[in-house]
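Here is start06.txt, consisting of compact mmCIF, C-alpha atoms:
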# COMPACT_ATOMS: atom_id res chain seq x y z
CA MET A 129 174.03 -78.73 118.59
CA ASN A 130 173.94 -75.33 116.90
CA ARG A 131 170.21 -74.61 116.81
CA PRO A 132 169.24 -71.06 115.81
CA ASP A 133 167.15 -68.79 118.03
CA SER A 134 164.89 -67.88 115.12
CA VAL A 135 164.12 -69.16 111.65
CA GLU A 136 162.83 -67.77 108.37
CA ILE A 137 159.97 -69.77 106.86
CA THR A 138 159.11 -69.40 103.19
CA GLU A 139 155.53 -70.29 102.31
CA VAL A 140 155.43 -72.14 98.98
CA GLY A 141 151.79 -73.25 99.04
CA PRO A 142 150.45 -70.71 96.52
CA ARG A 143 152.89 -72.07 93.95
CA ASP A 144 154.08 -75.55 94.90
CA GLY A 145 150.87 -76.45 96.67
CA LEU A 146 148.44 -75.36 93.98
CA GLN A 147 150.32 -75.91 90.71
CA SER A 148 149.11 -79.48 90.07
CA GLU A 149 145.49 -78.96 91.11
CA PRO A 150 143.28 -80.09 88.18
CA GLU A 151 140.46 -77.61 88.83
CA PHE A 152 141.34 -73.94 88.36
CA ILE A 153 141.31 -72.03 91.63
CA ALA A 154 139.79 -68.58 91.32
CA THR A 155 142.27 -65.73 91.18
CA GLY A 156 140.40 -63.94 93.95
CA ASP A 157 140.77 -66.98 96.22
CA LYS A 158 144.52 -67.11 95.58
CA ILE A 159 144.88 -63.41 96.38
CA ARG A 160 142.82 -63.74 99.55
CA LEU A 161 144.90 -66.67 100.80
CA ILE A 162 148.20 -64.91 100.09
CA ASN A 163 147.04 -61.74 101.81
CA GLY A 164 146.01 -63.90 104.77
CA LEU A 165 149.52 -65.32 104.91
CA ILE A 166 150.98 -61.82 104.88
CA ALA A 167 148.64 -60.73 107.69
CA ALA A 168 149.75 -63.80 109.68
CA GLY A 169 153.36 -62.60 109.51
CA LEU A 170 154.93 -64.58 106.66
CA LYS A 171 157.91 -62.57 105.44
CA ARG A 172 158.69 -64.59 102.31
CA ILE A 173 156.11 -66.18 100.02
CA GLU A 174 156.67 -68.03 96.74
CA PHE A 175 153.40 -66.80 95.31
CA SER A 176 153.40 -68.26 91.78
CA SER A 177 155.49 -69.07 88.72
CA PHE A 178 156.14 -67.41 85.36
CA VAL A 179 155.96 -70.70 83.54
CA SER A 180 154.10 -71.29 80.27
CA PRO A 181 150.32 -71.16 80.88
CA ARG A 182 150.02 -74.21 78.62
CA ALA A 183 152.40 -76.17 80.85
CA VAL A 184 150.83 -75.12 84.16
CA PRO A 185 147.32 -73.71 83.56
CA GLN A 186 146.75 -73.29 87.30
CA LEU A 187 149.32 -70.48 87.41
CA ALA A 188 148.28 -68.69 84.23
CA ASP A 189 146.95 -65.79 86.32
CA VAL A 190 150.34 -64.96 87.86
CA ASN A 191 150.20 -61.26 86.84
CA GLU A 192 146.68 -60.79 88.14
CA VAL A 193 147.56 -62.48 91.42
CA LEU A 194 150.61 -60.27 91.94
CA ALA A 195 148.58 -57.15 91.17
CA GLY A 196 146.08 -58.07 93.89
CA ILE A 197 148.52 -58.84 96.69
CA ASP A 198 148.91 -56.38 99.57
CA ARG A 199 152.45 -55.07 99.14
CA SER A 200 152.30 -52.37 101.81
CA GLY A 201 154.52 -54.35 104.19
CA ASN A 202 157.94 -55.97 103.86
CA THR A 203 156.98 -59.48 102.72
CA VAL A 204 159.24 -60.71 99.93
CA LEU A 205 157.19 -62.03 97.02
CA SER A 206 159.21 -64.53 95.01
CA ALA A 207 158.29 -66.35 91.82
CA LEU A 208 159.67 -69.43 90.16
CA VAL A 209 160.96 -68.95 86.61
CA PRO A 210 161.97 -71.79 84.26
CA ASN A 211 164.06 -69.82 81.78
CA ALA A 212 165.07 -66.40 80.44
CA ARG A 213 161.62 -65.75 78.99
CA GLY A 214 160.09 -66.34 82.41
CA ALA A 215 162.69 -64.08 84.00
CA ILE A 216 161.79 -61.24 81.64
CA ARG A 217 158.10 -61.65 82.54
CA ALA A 218 158.94 -61.70 86.25
CA VAL A 219 161.04 -58.55 85.99
CA ASP A 220 158.33 -56.75 84.01
CA ALA A 221 155.75 -57.75 86.64
CA GLY A 222 157.90 -56.40 89.47
CA VAL A 223 158.58 -59.43 91.67
CA ASP A 224 160.85 -59.05 94.69
CA GLU A 225 162.84 -62.23 94.08
CA ILE A 226 163.32 -64.82 91.34
CA VAL A 227 163.71 -68.53 92.06
CA VAL A 228 165.24 -70.95 89.57
CA PHE A 229 165.23 -74.70 89.98
CA MET A 230 166.77 -77.81 88.54
CA SER A 231 167.20 -81.40 89.66
CA ALA A 232 170.43 -82.75 91.08
CA SER A 233 170.15 -85.96 89.05
CA GLU A 234 170.34 -86.06 85.27
CA SER A 235 167.36 -88.42 84.96
CA HIS A 236 164.93 -86.36 87.03
CA ASN A 237 166.06 -83.12 85.39
CA LEU A 238 165.29 -84.66 81.99
CA LYS A 239 161.85 -85.74 83.22
CA ASN A 240 161.09 -82.45 84.95
CA VAL A 241 162.44 -79.83 82.53
CA ASN A 242 163.70 -81.90 79.58
CA ARG A 243 167.26 -80.64 79.99
CA THR A 244 170.58 -82.01 81.21
CA VAL A 245 172.07 -80.55 84.36
CA ASP A 246 174.62 -78.52 82.40
CA GLU A 247 171.96 -77.26 79.99
CA SER A 248 169.93 -75.98 82.96
CA LEU A 249 172.97 -74.26 84.46
CA ALA A 250 173.77 -72.61 81.15
CA GLY A 251 170.23 -71.26 80.93
CA PHE A 252 170.44 -69.87 84.47
CA ALA A 253 173.32 -67.64 83.40
CA ASP A 254 170.84 -65.74 81.21
CA VAL A 255 168.36 -65.53 84.09
CA ALA A 256 171.09 -64.19 86.38
CA ARG A 257 171.99 -61.50 83.84
CA ILE A 258 168.36 -60.42 83.34
CA ALA A 259 167.67 -60.33 87.07
CA GLY A 260 170.98 -58.62 87.83
CA ASP A 261 170.28 -55.83 85.34
CA ALA A 262 166.95 -55.25 87.12
CA GLY A 263 168.46 -55.42 90.60
CA ILE A 264 166.37 -58.47 91.55
CA PRO A 265 168.02 -61.22 93.64
CA VAL A 266 167.97 -64.84 92.49
CA HIS A 267 167.68 -67.91 94.71
CA GLY A 268 168.69 -71.30 93.32
CA ALA A 269 166.81 -74.47 94.25
CA ILE A 270 167.97 -78.05 93.71
CA ALA A 271 165.22 -80.67 93.40
CA THR A 272 165.91 -84.34 94.26
CA ALA A 273 168.87 -83.04 96.26
CA LEU A 274 168.38 -85.71 98.91
CA GLY A 275 167.39 -88.65 96.75
CA CYS A 276 166.29 -89.35 93.18
CA PRO A 277 163.45 -91.79 92.36
CA PHE A 278 165.37 -93.05 89.33
CA GLU A 279 169.00 -93.02 90.52
CA GLY A 280 168.78 -93.39 94.30
CA ASP A 281 171.24 -91.52 96.50
CA VAL A 282 172.61 -88.28 95.09
CA PRO A 283 176.37 -87.77 95.58
CA VAL A 284 177.15 -84.71 97.68
CA SER A 285 179.74 -83.84 95.05
CA GLN A 286 176.86 -83.24 92.61
CA LEU A 287 175.22 -80.83 95.07
CA GLU A 288 178.54 -79.04 95.44
CA TYR A 289 178.92 -78.83 91.64
CA ILE A 290 175.56 -77.11 91.26
CA ALA A 291 175.96 -74.93 94.36
CA ARG A 292 179.31 -73.62 93.12
CA HIS A 293 177.68 -72.57 89.86
CA TYR A 294 174.90 -70.85 91.81
CA ARG A 295 177.45 -68.97 93.89
CA ASP A 296 179.47 -67.95 90.84
CA MET A 297 176.30 -66.60 89.19
CA GLY A 298 175.67 -64.41 92.23
CA PHE A 299 172.66 -66.26 93.63
CA THR A 300 171.67 -65.38 97.19
CA GLY A 301 171.35 -68.96 98.41
CA VAL A 302 170.78 -72.61 97.59
CA GLY A 303 167.69 -74.62 98.44
CA LEU A 304 167.92 -78.37 98.93
CA GLY A 305 164.62 -79.94 97.89
CA ASP A 306 163.57 -83.36 99.16
CA THR A 307 161.28 -83.76 96.17
CA THR A 308 160.40 -87.40 96.76
CA GLY A 309 160.58 -87.54 100.54
CA MET A 310 163.64 -89.80 100.38
CA ALA A 311 165.60 -87.79 102.95
CA THR A 312 166.51 -89.22 106.34
CA PRO A 313 168.50 -87.49 109.10
CA PRO A 314 171.87 -88.98 108.04
CA VAL A 315 171.24 -87.95 104.42
CA VAL A 316 170.36 -84.40 105.47
CA GLN A 317 173.33 -84.13 107.80
CA ARG A 318 175.75 -85.37 105.15
CA ALA A 319 174.49 -82.96 102.48
CA VAL A 320 174.36 -79.92 104.75
CA ARG A 321 177.78 -80.48 106.24
CA HIS A 322 179.36 -81.01 102.84
CA LEU A 323 177.97 -77.75 101.44
CA GLN A 324 178.83 -75.85 104.61
CA ASP A 325 182.41 -77.07 104.21
CA THR A 326 182.79 -76.57 100.46
CA VAL A 327 180.54 -73.59 99.65
CA PRO A 328 180.33 -71.85 103.05
CA ASP A 329 179.34 -68.45 101.66
CA LEU A 330 176.07 -69.72 100.14
CA PRO A 331 173.22 -69.90 102.70
CA ILE A 332 171.23 -73.15 102.69
CA THR A 333 167.44 -73.47 102.69
CA LEU A 334 165.81 -76.85 103.35
CA HIS A 335 162.61 -77.94 101.61
CA PHE A 336 161.16 -81.24 102.85
CA HIS A 337 158.26 -83.37 101.71
CA ASN A 338 156.48 -85.69 104.10
CA THR A 339 156.22 -88.69 101.79
CA ARG A 340 157.56 -91.14 104.37
CA GLY A 341 156.56 -89.24 107.50
CA LEU A 342 160.02 -87.84 108.28
CA GLY A 343 159.50 -84.23 107.21
CA LEU A 344 159.66 -82.60 110.64
CA VAL A 345 162.28 -85.10 111.82
CA ASN A 346 164.50 -83.88 109.00
CA VAL A 347 163.79 -80.28 110.02
CA MET A 348 165.16 -81.13 113.47
CA THR A 349 168.34 -82.43 111.84
CA GLY A 350 168.64 -79.21 109.87
CA LEU A 351 168.20 -77.14 113.02
CA ASP A 352 170.93 -79.12 114.77
CA GLU A 353 173.25 -78.27 111.85
CA GLY A 354 172.50 -74.57 112.26
CA ILE A 355 170.10 -74.18 109.33
CA CYS A 356 167.67 -71.30 109.87
CA ARG A 357 165.79 -71.23 106.54
CA PHE A 358 162.98 -73.64 105.71
CA GLU A 359 160.20 -73.92 103.13
CA SER A 360 156.75 -75.37 103.71
CA SER A 361 153.20 -75.35 102.35
CA PHE A 362 149.88 -74.44 103.94
CA GLY A 363 147.88 -77.51 104.90
CA GLY A 364 150.71 -79.76 103.70
CA MET A 365 149.73 -79.36 100.04
CA GLY A 366 151.95 -80.01 97.06
CA GLY A 367 154.07 -82.72 95.49
CA CYS A 368 156.07 -83.14 92.33
CA PRO A 369 154.13 -84.62 89.35
CA PHE A 370 157.39 -86.12 88.05
CA ALA A 371 158.21 -88.00 91.25
CA PRO A 372 156.47 -91.40 91.61
CA LYS A 373 154.34 -91.75 94.78
CA ALA A 374 155.29 -88.26 95.99
CA THR A 375 153.05 -86.59 98.55
CA GLY A 376 152.85 -83.08 99.90
CA ASN A 377 155.28 -80.67 101.48
CA ILE A 378 155.70 -80.39 105.21
CA CYS A 379 152.86 -78.33 106.62
CA THR A 380 153.53 -74.69 107.48
CA GLU A 381 151.25 -74.64 110.54
CA ASP A 382 152.79 -77.83 111.91
CA LEU A 383 156.30 -76.44 111.32
CA VAL A 384 155.52 -73.12 113.01
CA TYR A 385 153.88 -74.91 115.95
CA MET A 386 156.95 -77.09 116.47
CA MET A 387 159.27 -74.09 116.32
CA HIS A 388 157.24 -72.16 118.87
CA GLU A 389 157.11 -75.15 121.21
CA MET A 390 160.92 -75.29 121.00
CA GLY A 391 161.25 -71.60 121.79
CA ILE A 392 162.46 -70.78 118.28
CA GLY A 393 161.06 -67.54 116.89
CA THR A 394 159.28 -67.31 113.54
CA GLY A 395 157.52 -63.92 113.68
CA ILE A 396 154.34 -65.73 112.60
CA ASP A 397 150.96 -65.61 114.32
CA LEU A 398 150.08 -69.32 114.60
CA ALA A 399 146.37 -68.75 115.26
CA ALA A 400 146.06 -66.57 112.17
CA LEU A 401 148.03 -69.09 110.14
CA ILE A 402 145.72 -71.91 111.22
CA GLU A 403 142.75 -69.89 109.99
CA VAL A 404 144.44 -69.48 106.60
CA ALA A 405 145.01 -73.24 106.44
CA ARG A 406 141.35 -73.90 107.25
CA GLU A 407 140.37 -71.48 104.50
CA VAL A 408 142.65 -73.33 102.07
CA GLU A 409 140.81 -76.52 103.01
CA ARG A 410 137.46 -74.83 102.34
CA VAL A 411 138.65 -73.54 98.97
CA MET A 412 139.97 -76.96 97.98
CA GLY A 413 136.81 -78.70 99.18
CA ARG A 414 138.67 -81.59 100.78
CA GLU A 415 140.59 -82.51 103.91
CA LEU A 416 144.29 -81.62 103.84
CA PRO A 417 147.14 -83.39 105.67
CA GLY A 418 147.90 -80.63 108.22
CA GLN A 419 147.51 -81.74 111.83
CA VAL A 420 147.67 -78.59 113.95
CA MET A 421 144.79 -76.97 112.07
CA LYS A 422 142.66 -79.95 113.15
CA ALA A 423 143.79 -80.42 116.74
CA GLY A 424 144.95 -76.89 117.58
CA PRO A 425 147.97 -76.14 119.80
CA ARG A 426 148.43 -78.47 122.77
CA LEU A 427 147.21 -75.88 125.28
CA SER A 428 143.98 -75.16 123.44
CA LEU A 429 141.86 -76.40 126.33
CA HIS A 430 138.21 -77.43 126.24
CA SER A 431 135.26 -77.06 128.59
CA MET A 432 134.49 -80.24 130.51
CA ASP A 433 130.82 -79.71 129.64
CA ALA A 434 131.68 -80.13 125.97
CA VAL A 435 132.83 -83.73 126.49
CA ALA A 436 130.63 -86.63 127.46
CA THR A 437 131.29 -88.28 130.81
CA ALA A 438 131.91 -92.03 130.89
CA ALA A 439 128.95 -94.00 132.16
CA GLY A 440 129.09 -96.93 134.54
What would the structure in this file look like if it were written as structure tokens?
Amino acid sequence: MNRPDSVEITEVGPRDGLQSEPEFIATGDKIRLINGLIAAGLKRIEFSSFVSPRAVPQLADVNEVLAGIDRSGNTVLSALVPNARGAIRAVDAGVDEIVVFMSASESHNLKNVNRTVDESLAGFADVARIAGDAGIPVHGAIATALGCPFEGDVPVSQLEYIARHYRDMGFTGVGLGDTTGMATPPVVQRAVRHLQDTVPDLPITLHFHNTRGLGLVNVMTGLDEGICRFESSFGGMGGCPFAPKATGNICTEDLVYMMHEMGIGTGIDLAALIEVAREVERVMGRELPGQVMKAGPRLSLHSMDAVATAAG
């Protein structure tokens, strides 16, 4: 095993977690939650997306949100962009990092962005040029990298094909997204090892969903392969609207708790993060999937007086 001593966790809840919510979440609430994440020690946050407001009304306030975020520290604020127009808006707004995404499979890419794989890659060349001229790094994500709901298993050669294009465009890394929660440890191991062998100079980030309950199990597989970059969402929110039966991302608090229990550093204050997750739950007005925010860490002890004694 080649487990790292520390990991970098990217919080994607403000974008991936909120984007499909039907009721608009107040801009002030979004800003407060993001600032809470920063105060808890998150060093990279995907805070929103410069997508068309008509396509994703929930993120129409991206400029206002960015303007309200506490940028006095060293947290990297990244934003998803779908095309060159979005990249220009992101550059003008002053983001720290741009994220582009596409699906590994042709069918899901057509459903998700109405483009073929090669059409998406061609468009990213324009994004890379715009970002490069502004001195802003670009990270490339691959959705359905570990399974497609329409095509099944994704050949590792397809991941390599996209990753090589990302590298050649100067991207800083490649994210493998388990969009539908189809990943299992052998699938993760096979994909990671293939990219490490064929595109070794492009760092890998893993993004798991918990659709079938294997999210943190797959994280363990990634750790054993030496991966030190992971993405997650507060409270376990999120899910792709173009993936049948998809559920949320792995939960940031649960991920951080597991890392700390394993002696792997995150630089994140778990207690403060749990409070952010509870605030997310209050804002959403419903119970979220996260477990640690409900139960607390295992050594959060209780007074005996607070628990009834068995009778008889």
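Closest to Gln419 in chain A among A:Thr394, A:Gly275, A:Leu383, A:Gly201 is A:Leu383, based on only C-alpha atoms.
The residue set within 8 Å of Ile402 in chain A, counting all atoms listed in the file and dropping same-chain residues fewer than 5 places from it, reads A:Glu381, A:Val420, A:Met421.
Nearest to Gly395 in chain A of all the residues A:Asn242, A:Gln317, A:Ser134, A:Asn338 is A:Ser134, based on all atoms listed in the file.
Between CA of Pro313 in chain A and CA of Gly343 in chain A the interatomic distance comes to 9.8 Å.
Across the structure, CA of Ala215 in chain A and CA of Val255 in chain A are spaced 5.9 Å apart.
Counting only C-alpha atoms and comparing A:Arg357, A:Lys422, A:Arg213, A:Arg406, the residue that lies closest to Asp254 in chain A is A:Arg213.
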Go ahead and compute the interatomic distance for CA of Thr155 in chain A and CA of Asn202 in chain A, in Å to one decimal. 22.4 Å
Who sits within 12 Å of Asp329 in chain A, all atoms listed in the file, same chain under 3 positions skipped, as number ranges by chain: A: 291-292, 294-296, 298-302, 323-326, 332
Which residues of range 319-436 of chain A sit at most 9 Å from range 165-184 of chain A, using all atoms listed in the file? Give each one's shortest atom pair and distance in Å (one decimal place), in chain and ascending residue order, as JSON lines.
{"residue": "A:Thr394", "atom": "CA", "partner": "A:Gly169", "partner_atom": "CA", "distance": 8.6}
{"residue": "A:Gly395", "atom": "CA", "partner": "A:Gly169", "partner_atom": "CA", "distance": 6.0}
{"residue": "A:Ile396", "atom": "CA", "partner": "A:Gly169", "partner_atom": "CA", "distance": 4.5}
{"residue": "A:Asp397", "atom": "CA", "partner": "A:Ala168", "partner_atom": "CA", "distance": 5.1}
{"residue": "A:Leu398", "atom": "CA", "partner": "A:Ala168", "partner_atom": "CA", "distance": 7.4}
{"residue": "A:Ala399", "atom": "CA", "partner": "A:Ala168", "partner_atom": "CA", "distance": 8.2}
{"residue": "A:Ala400", "atom": "CA", "partner": "A:Ala168", "partner_atom": "CA", "distance": 5.2}
{"residue": "A:Leu401", "atom": "CA", "partner": "A:Ala168", "partner_atom": "CA", "distance": 5.6}
{"residue": "A:Val404", "atom": "CA", "partner": "A:Leu165", "partner_atom": "CA", "distance": 6.8}
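The nearest approach to Gly196 in chain A among the residues A:Ala436, A:Met310, A:Ile159, A:Ile258, with all atoms listed in the file taken into account, belongs to A:Ile159.
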Which residue gives the smallest distance to Met390 in chain A among A:Leu427, A:Thr333, A:Leu351, A:Met365, with all atoms listed in the file counted? A:Leu351
Cut-off 8 Å around (141.7, -76.3, 96.5) with all atoms listed in the file: residues as a list in words: Leu146, Glu149, Glu151, Ile153, Val408, Glu409, Arg410, Val411, Met412, Gly413 and Arg414 of chain A
Answer as an MDAnalysis selection string, residues within 7 Å of (166.1, -70.0, 91.6) using only C-alpha atoms: chainID A and resid 208 226:229 266:269
For C-alpha atoms, I'd like the residues from the last selection saved as a short mmCIF file (atom, residue, chain, number, x, y, z; two decimals), in the frame of the given file.
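Saved result, result27.cif, follows:
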data_model
loop_
_atom_site.label_atom_id
_atom_site.label_comp_id
_atom_site.auth_asym_id
_atom_site.auth_seq_id
_atom_site.Cartn_x
_atom_site.Cartn_y
_atom_site.Cartn_z
CA LEU A 208 159.67 -69.43 90.16
CA ILE A 226 163.32 -64.82 91.34
CA VAL A 227 163.71 -68.53 92.06
CA VAL A 228 165.24 -70.95 89.57
CA PHE A 229 165.23 -74.70 89.98
CA VAL A 266 167.97 -64.84 92.49
CA HIS A 267 167.68 -67.91 94.71
CA GLY A 268 168.69 -71.30 93.32
CA ALA A 269 166.81 -74.47 94.25
#
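Among the candidates A:Met230, A:Ile162, A:Val282, A:Val315, the residue lying nearest to Phe362 in chain A is A:Ile162 (atoms considered: only C-alpha atoms).
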Shell of 8 Å around Ile264 in chain A, only C-alpha atoms, local chain residues under 2 positions omitted, as JSON, numbers by chain: {"A": [219, 223, 224, 225, 226, 259, 260, 261, 262, 266]}
Got a moment to write range 151-161 of chain A out with all heavy atoms, as a PDB file, in the first residue's frame?
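Output contents, as saved in selection.pdb:
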ATOM      1  N   GLU A 151     -35.729  25.115  -5.201  1.00  0.00           N
ATOM      2  CA  GLU A 151     -35.997  26.404  -4.567  1.00  0.00           C
ATOM      3  C   GLU A 151     -34.693  27.203  -4.473  1.00  0.00           C
ATOM      4  O   GLU A 151     -33.670  26.684  -4.017  1.00  0.00           O
ATOM      5  CB  GLU A 151     -36.583  26.206  -3.164  1.00  0.00           C
ATOM      6  CG  GLU A 151     -37.912  25.460  -3.155  1.00  0.00           C
ATOM      7  CD  GLU A 151     -39.005  26.242  -3.874  1.00  0.00           C
ATOM      8  OE1 GLU A 151     -38.976  27.495  -3.797  1.00  0.00           O
ATOM      9  OE2 GLU A 151     -39.874  25.611  -4.506  1.00  0.00           O
ATOM     10  N   PHE A 152     -34.744  28.470  -4.894  1.00  0.00           N
ATOM     11  CA  PHE A 152     -33.532  29.283  -4.891  1.00  0.00           C
ATOM     12  C   PHE A 152     -33.045  29.519  -3.464  1.00  0.00           C
ATOM     13  O   PHE A 152     -33.822  29.893  -2.580  1.00  0.00           O
ATOM     14  CB  PHE A 152     -33.780  30.629  -5.579  1.00  0.00           C
ATOM     15  CG  PHE A 152     -32.522  31.445  -5.749  1.00  0.00           C
ATOM     16  CD1 PHE A 152     -31.617  31.135  -6.740  1.00  0.00           C
ATOM     17  CD2 PHE A 152     -32.247  32.506  -4.888  1.00  0.00           C
ATOM     18  CE1 PHE A 152     -30.449  31.875  -6.896  1.00  0.00           C
ATOM     19  CE2 PHE A 152     -31.090  33.247  -5.042  1.00  0.00           C
ATOM     20  CZ  PHE A 152     -30.188  32.931  -6.051  1.00  0.00           C
ATOM     21  N   ILE A 153     -31.776  29.271  -3.259  1.00  0.00           N
ATOM     22  CA  ILE A 153     -31.153  29.466  -1.948  1.00  0.00           C
ATOM     23  C   ILE A 153     -30.571  30.872  -1.912  1.00  0.00           C
ATOM     24  O   ILE A 153     -29.844  31.275  -2.830  1.00  0.00           O
ATOM     25  CB  ILE A 153     -30.071  28.408  -1.711  1.00  0.00           C
ATOM     26  CG1 ILE A 153     -30.707  27.010  -1.715  1.00  0.00           C
ATOM     27  CG2 ILE A 153     -29.331  28.654  -0.396  1.00  0.00           C
ATOM     28  CD1 ILE A 153     -29.736  25.899  -1.911  1.00  0.00           C
ATOM     29  N   ALA A 154     -30.893  31.609  -0.886  1.00  0.00           N
ATOM     30  CA  ALA A 154     -30.481  33.005  -0.797  1.00  0.00           C
ATOM     31  C   ALA A 154     -28.981  33.163  -0.953  1.00  0.00           C
ATOM     32  O   ALA A 154     -28.203  32.371  -0.415  1.00  0.00           O
ATOM     33  CB  ALA A 154     -30.936  33.601   0.535  1.00  0.00           C
ATOM     34  N   THR A 155     -28.584  34.196  -1.678  1.00  0.00           N
ATOM     35  CA  THR A 155     -27.168  34.461  -1.901  1.00  0.00           C
ATOM     36  C   THR A 155     -26.422  34.601  -0.583  1.00  0.00           C
ATOM     37  O   THR A 155     -25.306  34.092  -0.422  1.00  0.00           O
ATOM     38  CB  THR A 155     -27.005  35.735  -2.749  1.00  0.00           C
ATOM     39  OG1 THR A 155     -27.687  35.554  -4.001  1.00  0.00           O
ATOM     40  CG2 THR A 155     -25.546  36.038  -3.004  1.00  0.00           C
ATOM     41  N   GLY A 156     -27.041  35.288   0.368  1.00  0.00           N
ATOM     42  CA  GLY A 156     -26.397  35.457   1.670  1.00  0.00           C
ATOM     43  C   GLY A 156     -26.148  34.138   2.370  1.00  0.00           C
ATOM     44  O   GLY A 156     -25.114  33.973   3.055  1.00  0.00           O
ATOM     45  N   ASP A 157     -27.071  33.181   2.227  1.00  0.00           N
ATOM     46  CA  ASP A 157     -26.866  31.859   2.825  1.00  0.00           C
ATOM     47  C   ASP A 157     -25.690  31.145   2.161  1.00  0.00           C
ATOM     48  O   ASP A 157     -24.863  30.508   2.838  1.00  0.00           O
ATOM     49  CB  ASP A 157     -28.128  31.003   2.680  1.00  0.00           C
ATOM     50  CG  ASP A 157     -29.239  31.430   3.618  1.00  0.00           C
ATOM     51  OD1 ASP A 157     -28.934  32.044   4.657  1.00  0.00           O
ATOM     52  OD2 ASP A 157     -30.422  31.163   3.303  1.00  0.00           O
ATOM     53  N   LYS A 158     -25.596  31.228   0.846  1.00  0.00           N
ATOM     54  CA  LYS A 158     -24.482  30.593   0.139  1.00  0.00           C
ATOM     55  C   LYS A 158     -23.152  31.173   0.607  1.00  0.00           C
ATOM     56  O   LYS A 158     -22.182  30.434   0.878  1.00  0.00           O
ATOM     57  CB  LYS A 158     -24.637  30.796  -1.369  1.00  0.00           C
ATOM     58  CG  LYS A 158     -25.827  30.077  -1.983  1.00  0.00           C
ATOM     59  CD  LYS A 158     -26.013  30.491  -3.440  1.00  0.00           C
ATOM     60  CE  LYS A 158     -27.244  29.850  -4.052  1.00  0.00           C
ATOM     61  NZ  LYS A 158     -27.581  30.369  -5.382  1.00  0.00           N
ATOM     62  N   ILE A 159     -23.088  32.485   0.714  1.00  0.00           N
ATOM     63  CA  ILE A 159     -21.852  33.145   1.141  1.00  0.00           C
ATOM     64  C   ILE A 159     -21.497  32.713   2.560  1.00  0.00           C
ATOM     65  O   ILE A 159     -20.331  32.405   2.856  1.00  0.00           O
ATOM     66  CB  ILE A 159     -22.005  34.678   1.049  1.00  0.00           C
ATOM     67  CG1 ILE A 159     -22.128  35.107  -0.416  1.00  0.00           C
ATOM     68  CG2 ILE A 159     -20.828  35.384   1.733  1.00  0.00           C
ATOM     69  CD1 ILE A 159     -22.519  36.569  -0.597  1.00  0.00           C
ATOM     70  N   ARG A 160     -22.492  32.685   3.441  1.00  0.00           N
ATOM     71  CA  ARG A 160     -22.228  32.310   4.829  1.00  0.00           C
ATOM     72  C   ARG A 160     -21.697  30.880   4.931  1.00  0.00           C
ATOM     73  O   ARG A 160     -20.760  30.597   5.694  1.00  0.00           O
ATOM     74  CB  ARG A 160     -23.494  32.463   5.664  1.00  0.00           C
ATOM     75  CG  ARG A 160     -23.262  32.254   7.163  1.00  0.00           C
ATOM     76  CD  ARG A 160     -24.502  32.516   7.986  1.00  0.00           C
ATOM     77  NE  ARG A 160     -25.507  31.472   7.838  1.00  0.00           N
ATOM     78  CZ  ARG A 160     -26.594  31.570   7.092  1.00  0.00           C
ATOM     79  NH1 ARG A 160     -26.836  32.670   6.391  1.00  0.00           N
ATOM     80  NH2 ARG A 160     -27.460  30.576   7.023  1.00  0.00           N
ATOM     81  N   LEU A 161     -22.274  29.971   4.159  1.00  0.00           N
ATOM     82  CA  LEU A 161     -21.817  28.583   4.197  1.00  0.00           C
ATOM     83  C   LEU A 161     -20.395  28.454   3.662  1.00  0.00           C
ATOM     84  O   LEU A 161     -19.567  27.724   4.230  1.00  0.00           O
ATOM     85  CB  LEU A 161     -22.766  27.704   3.381  1.00  0.00           C
ATOM     86  CG  LEU A 161     -24.186  27.559   3.935  1.00  0.00           C
ATOM     87  CD1 LEU A 161     -25.060  26.801   2.954  1.00  0.00           C
ATOM     88  CD2 LEU A 161     -24.177  26.878   5.292  1.00  0.00           C
TER      89      LEU A 161
END
